[in-house]
Amino acid sequence: DTAVSQTPKYLVTQMGNDKSIKCEQNLGHDTMYWYKQDSKKFLKIMFSYNNKELIINETVPNRFSPKSPDKAHLNLHINSLELGDSAVYFCASSQYSGYEQYFGPGTRLTVT
Amino acid sequence: AQKITQTQPGMFVQEKEAVTLDCTYDTSDPSYGLFWYKQPSSGEMIFLIYQGSYDQQNATEGRYSLNFQKARKSANLVISASQLGDSAMYFCAMRGVQGAQKLVFGQGTRLTINP
């Protein structure tokens, strides 16, 4: 059973388009995250939700809009895609009181 | 603010040798956690080991151990008896009381194990 899953795994699209990435966890965790890994492999938090409430928003452009319909799901919608949005986006989950974060397999987004 | 520094962009080690990956951190949080993750070429992030700032003993998980020196603010990962499958990117990360559980990552070290 996959603990944290993301769809799609690869996403190739043109500048200006709108796209979404979906994430689901079956670990019963109450906190979910989006991280961005750039071309130099640097990982940085973007958003975090705890019990469907946004608790972290790390100065991400408002073209990025996360949505958490329930504790097990966290989606990321990106409007008006730009070349600089090309990256690998990782979803992760944890218990708020726990320590280990479990990562999904990542979604490689390429904007042409 | 929290900061993680990994000063070794790349390391090359012979198979079966031990390897130490360096990590230093900076934080004003009185309580924090330190993590190491492995990212193989396939891209997934694999949790390796965790050390709490108040843990008295260094964490160990199989061939992985964390050399935690609080006064020096260092949390080096030691891999004993390296294997070819250990070739990967390794990331040090920390989480503090402030920041609602987000992980702050270092730049990563690319480890290559030579046969």
# chains A, B, ... in the order shown; residues from 1 in each chain; ligands from 1

call {"tool": "closest_atom_pairs", "arguments": {"of": "chain B", "to": "chain A", "cutoff": "10 Å", "atoms": "only C-alpha atoms", "output": "tab-separated table"}}
result
residue	atom	partner	partner_atom	distance
B:Tyr32	CA	A:Tyr99	CA	9.9
B:Gly33	CA	A:Tyr99	CA	7.6
B:Leu34	CA	A:Tyr99	CA	9.3
B:Phe35	CA	A:Glu100	CA	8.2
B:Gln39	CA	A:Lys41	CA	9.9
B:Ser42	CA	A:Pro105	CA	9.0
B:Gly43	CA	A:Pro105	CA	7.0
B:Glu44	CA	A:Pro105	CA	4.9
B:Met45	CA	A:Phe103	CA	6.0
B:Ile46	CA	A:Phe103	CA	7.5
B:Phe47	CA	A:Tyr102	CA	7.4
B:Leu48	CA	A:Glu100	CA	9.6
B:Ile49	CA	A:Glu100	CA	8.9
B:Tyr50	CA	A:Glu100	CA	7.7
B:Gln51	CA	A:Tyr99	CA	9.7
B:Gly52	CA	A:Tyr99	CA	9.1
B:Met89	CA	A:Lys41	CA	8.9
B:Phe91	CA	A:Leu43	CA	9.1
B:Ala93	CA	A:Leu43	CA	9.8
B:Arg95	CA	A:Tyr99	CA	8.3
B:Gly99	CA	A:Ile56	CA	7.6
B:Ala100	CA	A:Ile55	CA	7.0
B:Gln101	CA	A:Tyr96	CA	6.9
B:Lys102	CA	A:Ile45	CA	6.7
B:Leu103	CA	A:Ile45	CA	7.0
B:Val104	CA	A:Lys44	CA	6.8
B:Phe105	CA	A:Leu43	CA	6.1
B:Gly106	CA	A:Phe42	CA	7.4
B:Gln107	CA	A:Phe42	CA	5.6
B:Gly108	CA	A:Phe42	CA	7.4
B:Thr109	CA	A:Lys41	CA	9.9

call {"tool": "select_by_dssp", "arguments": {"residues": "segment 11-91 of chain B", "states": "strand (DSSP E)", "output": "ChimeraX atom specification"}}
result
/B:11-14,19-21,24-26,32-39,46-52,60-61,64-69,74-79,88-91

call {"tool": "write_last_selection", "arguments": {"atoms": "N, CA and C atoms", "output": "short mmCIF file (atom, residue, chain, number, x, y, z; two decimals), in the first residue's frame"}}
result
data_model
loop_
_atom_site.label_atom_id
_atom_site.label_comp_id
_atom_site.auth_asym_id
_atom_site.auth_seq_id
_atom_site.Cartn_x
_atom_site.Cartn_y
_atom_site.Cartn_z
N MET B 11 30.93 13.62 -2.52
CA MET B 11 31.93 12.77 -1.85
C MET B 11 32.04 11.46 -2.61
N PHE B 12 33.29 10.97 -2.67
CA PHE B 12 33.55 9.70 -3.33
C PHE B 12 34.22 8.78 -2.31
N VAL B 13 33.67 7.59 -2.15
CA VAL B 13 34.15 6.67 -1.13
C VAL B 13 34.24 5.27 -1.73
N GLN B 14 35.23 4.51 -1.29
CA GLN B 14 35.35 3.11 -1.71
C GLN B 14 34.33 2.27 -0.97
N VAL B 19 31.74 6.32 5.95
CA VAL B 19 31.71 7.68 5.40
C VAL B 19 30.97 8.59 6.36
N THR B 20 31.45 9.81 6.50
CA THR B 20 30.81 10.81 7.33
C THR B 20 30.36 11.98 6.48
N LEU B 21 29.08 12.28 6.54
CA LEU B 21 28.52 13.43 5.83
C LEU B 21 28.28 14.54 6.84
N THR B 24 25.92 21.14 9.68
CA THR B 24 25.86 22.07 10.80
C THR B 24 24.56 22.84 10.71
N TYR B 25 24.10 23.31 11.85
CA TYR B 25 22.80 23.95 11.88
C TYR B 25 22.85 25.20 12.74
N ASP B 26 21.85 26.03 12.56
CA ASP B 26 21.72 27.23 13.37
C ASP B 26 20.25 27.43 13.67
N TYR B 32 14.44 21.21 19.17
CA TYR B 32 14.42 21.01 17.72
C TYR B 32 14.74 19.56 17.41
N GLY B 33 14.50 19.19 16.18
CA GLY B 33 14.82 17.85 15.72
C GLY B 33 15.68 17.92 14.47
N LEU B 34 16.55 16.95 14.33
CA LEU B 34 17.45 16.89 13.18
C LEU B 34 17.21 15.58 12.44
N PHE B 35 17.22 15.66 11.13
CA PHE B 35 16.85 14.53 10.27
C PHE B 35 17.89 14.36 9.16
N TRP B 36 17.98 13.14 8.70
CA TRP B 36 18.69 12.86 7.46
C TRP B 36 17.76 12.09 6.52
N TYR B 37 17.76 12.56 5.26
CA TYR B 37 17.00 11.89 4.22
C TYR B 37 17.95 11.49 3.09
N LYS B 38 17.61 10.40 2.43
CA LYS B 38 18.35 9.91 1.27
C LYS B 38 17.48 10.06 0.04
N GLN B 39 18.07 10.57 -1.03
CA GLN B 39 17.34 10.68 -2.30
C GLN B 39 18.13 9.97 -3.39
N ILE B 46 13.78 9.32 1.18
CA ILE B 46 13.73 8.22 2.14
C ILE B 46 14.26 8.70 3.48
N PHE B 47 13.44 8.59 4.51
CA PHE B 47 13.85 8.98 5.86
C PHE B 47 14.88 7.98 6.38
N LEU B 48 15.97 8.49 6.94
CA LEU B 48 17.02 7.61 7.46
C LEU B 48 17.08 7.59 8.98
N ILE B 49 17.12 8.78 9.58
CA ILE B 49 17.43 8.83 11.00
C ILE B 49 17.01 10.18 11.58
N TYR B 50 16.67 10.15 12.89
CA TYR B 50 16.20 11.34 13.59
C TYR B 50 16.94 11.49 14.91
N GLN B 51 17.25 12.75 15.26
CA GLN B 51 17.86 13.05 16.55
C GLN B 51 17.13 14.23 17.19
N GLY B 52 16.63 14.06 18.37
CA GLY B 52 16.01 15.15 19.10
C GLY B 52 17.06 15.94 19.87
N THR B 60 20.90 5.85 16.30
CA THR B 60 21.44 4.84 15.39
C THR B 60 20.28 4.10 14.75
N GLU B 61 20.47 3.75 13.47
CA GLU B 61 19.49 2.95 12.73
C GLU B 61 20.27 2.06 11.78
N TYR B 64 23.36 3.30 9.89
CA TYR B 64 23.38 4.75 10.01
C TYR B 64 23.48 5.17 11.47
N SER B 65 24.31 6.14 11.73
CA SER B 65 24.34 6.75 13.05
C SER B 65 24.50 8.25 12.88
N LEU B 66 24.03 8.96 13.87
CA LEU B 66 24.08 10.42 13.81
C LEU B 66 25.02 10.89 14.91
N ASN B 67 26.07 11.55 14.53
CA ASN B 67 27.04 12.08 15.48
C ASN B 67 26.60 13.50 15.85
N PHE B 68 25.89 13.59 16.97
CA PHE B 68 25.27 14.84 17.39
C PHE B 68 26.17 15.54 18.40
N GLN B 69 26.64 16.73 18.04
CA GLN B 69 27.45 17.53 18.95
C GLN B 69 26.75 18.87 19.12
N SER B 74 26.41 20.56 15.35
CA SER B 74 26.65 19.69 14.21
C SER B 74 25.88 18.38 14.38
N ALA B 75 25.50 17.81 13.26
CA ALA B 75 24.70 16.57 13.25
C ALA B 75 25.14 15.74 12.06
N ASN B 76 26.33 15.20 12.15
CA ASN B 76 26.89 14.47 11.02
C ASN B 76 26.31 13.06 10.91
N LEU B 77 26.11 12.63 9.68
CA LEU B 77 25.63 11.27 9.43
C LEU B 77 26.83 10.37 9.15
N VAL B 78 26.87 9.26 9.84
CA VAL B 78 27.92 8.27 9.62
C VAL B 78 27.28 7.02 9.03
N ILE B 79 27.79 6.58 7.91
CA ILE B 79 27.34 5.33 7.28
C ILE B 79 28.50 4.35 7.40
N ALA B 88 23.81 8.20 -3.61
CA ALA B 88 22.57 8.99 -3.61
C ALA B 88 22.88 10.40 -3.15
N MET B 89 21.86 11.27 -3.19
CA MET B 89 21.94 12.58 -2.53
C MET B 89 21.48 12.38 -1.09
N TYR B 90 22.15 13.05 -0.18
CA TYR B 90 21.78 12.99 1.23
C TYR B 90 21.50 14.40 1.73
N PHE B 91 20.36 14.53 2.38
CA PHE B 91 19.94 15.83 2.88
C PHE B 91 19.83 15.80 4.40
#

call {"tool": "atom_distance", "arguments": {"atom1": "atom CA of Asn62 of chain A", "atom2": "atom CA of His77 of chain A"}}
result
10.2 Å

call {"tool": "residues_around", "arguments": {"residues": "Cys23 of chain A", "least_positions_apart": "4", "cutoff": "9 Å", "atoms": "only C-alpha atoms", "output": "PyMOL selection string"}}
result
chain A and resi 4-7+72-76+90-92+104
